[in-house]
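Novice: One structure, as structure tokens, below. Some questions next.
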Amino acid sequence: MLVLSLTLIWSNDNIFKYLIMFFNFGPIIEEGHMAELQVTVPHCLSQDEAVARLENSTFSDKISNLHQEWHGYSAYFNCEVSGSGISGTIVINPDNVVITVNLSFFQSLAVDQYSTREEIFNKVSDILS
């Protein structure tokens, strides 16, 4: 009886999504969509100086194959982190930098989003200080 109940629960997509939310494994996202992890870092630099510093940074030894495509004060990037491909955007505003990282459903489940946000915030703050 217990096995039958679990099979019914896991086969229903809506219940599965609520179980994910209930146990806080990650964001609820539809299949095929990306979750976003967004970090805002304040700065006191000119936008041009912030671009120059971020363009020439390696960010972390966890990142490989980093490609950045800058257009004015915004950039699209893609790279590999621990062997997993990610992409995102960097937008440099006059008083802050907004970094958005796109995560697949499975990446959003595997990543400790609080620690990742904190790590990105600290690294970018160091680059811009």
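Letters A, B, ... go to the chains of the structure tokens in the order shown; residues in each chain start at 1; ligands are counted from 1 in the same order.
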If you run DSSP on the backbone, which residues of region 69-120 of chain A are strand (DSSP E), as a VMD selection string?
Specialist: chain A and resid 69 to 71 74 to 81 84 to 92 96 to 103
Novice: Those selected residues, please, written with N, CA, C and O atoms and delivered as a tab-separated table (two decimals), in the first residue's frame.
Specialist:
chain	number	residue	atom	x	y	z
A	69	GLU	N	30.89	38.48	-23.64
A	69	GLU	CA	30.58	39.30	-24.82
A	69	GLU	C	29.99	40.62	-24.31
A	69	GLU	O	28.82	40.66	-23.91
A	70	TRP	N	30.82	41.65	-24.29
A	70	TRP	CA	30.41	42.95	-23.74
A	70	TRP	C	29.79	43.83	-24.81
A	70	TRP	O	30.27	43.89	-25.95
A	71	HIS	N	28.73	44.53	-24.44
A	71	HIS	CA	28.06	45.53	-25.28
A	71	HIS	C	27.78	46.72	-24.38
A	71	HIS	O	26.78	46.72	-23.64
A	74	SER	N	26.86	46.17	-20.44
A	74	SER	CA	26.28	44.86	-20.13
A	74	SER	C	27.02	43.78	-20.90
A	74	SER	O	27.65	44.04	-21.92
A	75	ALA	N	26.95	42.58	-20.36
A	75	ALA	CA	27.65	41.46	-20.98
A	75	ALA	C	26.83	40.19	-20.85
A	75	ALA	O	26.06	40.02	-19.90
A	76	TYR	N	27.02	39.33	-21.82
A	76	TYR	CA	26.52	37.96	-21.76
A	76	TYR	C	27.74	37.09	-21.51
A	76	TYR	O	28.80	37.34	-22.08
A	77	PHE	N	27.63	36.10	-20.65
A	77	PHE	CA	28.76	35.20	-20.42
A	77	PHE	C	28.30	33.76	-20.41
A	77	PHE	O	27.14	33.46	-20.17
A	78	ASN	N	29.24	32.88	-20.71
A	78	ASN	CA	29.03	31.45	-20.50
A	78	ASN	C	30.37	30.86	-20.07
A	78	ASN	O	31.43	31.37	-20.40
A	79	CYS	N	30.28	29.81	-19.28
A	79	CYS	CA	31.48	29.18	-18.74
A	79	CYS	C	31.12	27.81	-18.20
A	79	CYS	O	29.97	27.38	-18.26
A	80	GLU	N	32.13	27.14	-17.67
A	80	GLU	CA	31.92	25.88	-16.98
A	80	GLU	C	32.33	26.05	-15.53
A	80	GLU	O	33.37	26.64	-15.24
A	81	VAL	N	31.50	25.56	-14.64
A	81	VAL	CA	31.79	25.57	-13.22
A	81	VAL	C	31.70	24.12	-12.75
A	81	VAL	O	30.63	23.51	-12.85
A	84	SER	N	30.13	21.82	-15.26
A	84	SER	CA	28.75	22.05	-15.67
A	84	SER	C	28.63	23.42	-16.34
A	84	SER	O	29.08	24.42	-15.79
A	85	GLY	N	28.04	23.47	-17.52
A	85	GLY	CA	27.91	24.72	-18.26
A	85	GLY	C	26.85	25.63	-17.68
A	85	GLY	O	25.77	25.18	-17.32
A	86	ILE	N	27.19	26.91	-17.54
A	86	ILE	CA	26.22	27.92	-17.11
A	86	ILE	C	26.36	29.14	-17.99
A	86	ILE	O	27.36	29.32	-18.68
A	87	SER	N	25.35	29.98	-17.96
A	87	SER	CA	25.38	31.23	-18.71
A	87	SER	C	24.69	32.29	-17.87
A	87	SER	O	24.06	31.99	-16.86
A	88	GLY	N	24.81	33.53	-18.31
A	88	GLY	CA	24.15	34.59	-17.58
A	88	GLY	C	24.48	35.95	-18.14
A	88	GLY	O	25.05	36.06	-19.23
A	89	THR	N	24.13	36.98	-17.39
A	89	THR	CA	24.36	38.36	-17.81
A	89	THR	C	24.98	39.15	-16.67
A	89	THR	O	24.82	38.83	-15.50
A	90	ILE	N	25.69	40.20	-17.07
A	90	ILE	CA	26.23	41.18	-16.13
A	90	ILE	C	25.75	42.54	-16.63
A	90	ILE	O	25.93	42.87	-17.80
A	91	VAL	N	25.12	43.31	-15.74
A	91	VAL	CA	24.67	44.65	-16.10
A	91	VAL	C	25.30	45.62	-15.10
A	91	VAL	O	25.13	45.46	-13.89
A	92	ILE	N	26.04	46.59	-15.63
A	92	ILE	CA	26.71	47.57	-14.78
A	92	ILE	C	25.90	48.86	-14.80
A	92	ILE	O	25.80	49.54	-15.81
A	96	ASN	N	25.60	50.10	-9.05
A	96	ASN	CA	25.67	48.68	-8.71
A	96	ASN	C	25.90	47.82	-9.95
A	96	ASN	O	25.76	48.30	-11.08
A	97	VAL	N	26.24	46.58	-9.71
A	97	VAL	CA	26.39	45.58	-10.76
A	97	VAL	C	25.39	44.47	-10.47
A	97	VAL	O	25.30	44.00	-9.33
A	98	VAL	N	24.62	44.09	-11.48
A	98	VAL	CA	23.64	43.01	-11.32
A	98	VAL	C	24.11	41.82	-12.15
A	98	VAL	O	24.27	41.93	-13.37
A	99	ILE	N	24.36	40.72	-11.47
A	99	ILE	CA	24.80	39.49	-12.13
A	99	ILE	C	23.67	38.49	-12.04
A	99	ILE	O	23.17	38.20	-10.95
A	100	THR	N	23.26	37.98	-13.19
A	100	THR	CA	22.20	36.97	-13.25
A	100	THR	C	22.79	35.70	-13.84
A	100	THR	O	23.35	35.73	-14.93
A	101	VAL	N	22.69	34.61	-13.09
A	101	VAL	CA	23.20	33.32	-13.54
A	101	VAL	C	22.00	32.42	-13.83
A	101	VAL	O	21.11	32.29	-12.99
A	102	ASN	N	21.96	31.85	-15.02
A	102	ASN	CA	20.88	30.93	-15.40
A	102	ASN	C	21.26	29.52	-14.98
A	102	ASN	O	22.33	29.03	-15.32
A	103	LEU	N	20.38	28.88	-14.23
A	103	LEU	CA	20.60	27.51	-13.76
A	103	LEU	C	19.54	26.59	-14.34
A	103	LEU	O	18.36	26.94	-14.36
Novice: Could you pull the residues within 10 Å of Ser60 (chain A), counting only C-alpha atoms, minus those fewer than 6 positions along the same chain, as a ChimeraX atom specification?
Specialist: /A:81,119-120,123
Novice: Of the candidates A:Gln113, A:Ser108, A:Asn122, A:Asn93, which shows the shortest atom-to-atom distance to Ala50 (chain A), using only C-alpha atoms?
Specialist: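 Using only C-alpha atoms, Ala50 (chain A) sits closest to A:Asn93.
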Novice: Distance CA of Leu128 (chain A)-CA of Ala35 (chain A), one decimal place?
Specialist: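 These two atoms are separated by 26.3 Å.
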Novice: Which is closer to Leu54 (chain A) than all the others in A:Val39, A:Ile127, A:Leu66, A:Val111, using only C-alpha atoms?
Specialist: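 When distances to Leu54 (chain A) are compared using only C-alpha atoms, the smallest one comes from A:Ile127.
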Novice: Suppose you want the space between CA of Tyr114 (chain A) and CA of Asn65 (chain A); what is it in Å?
Specialist: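 Calculated distance between CA of Tyr114 (chain A) and CA of Asn65 (chain A) is 24.3 Å.
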Novice: Output as JSON, numbers by chain all residues of region 33-92 of chain A that backbone DSSP marks as alpha helix (DSSP H).
Specialist: {"A": [47, 48, 49, 50, 51, 52, 53, 54, 55]}
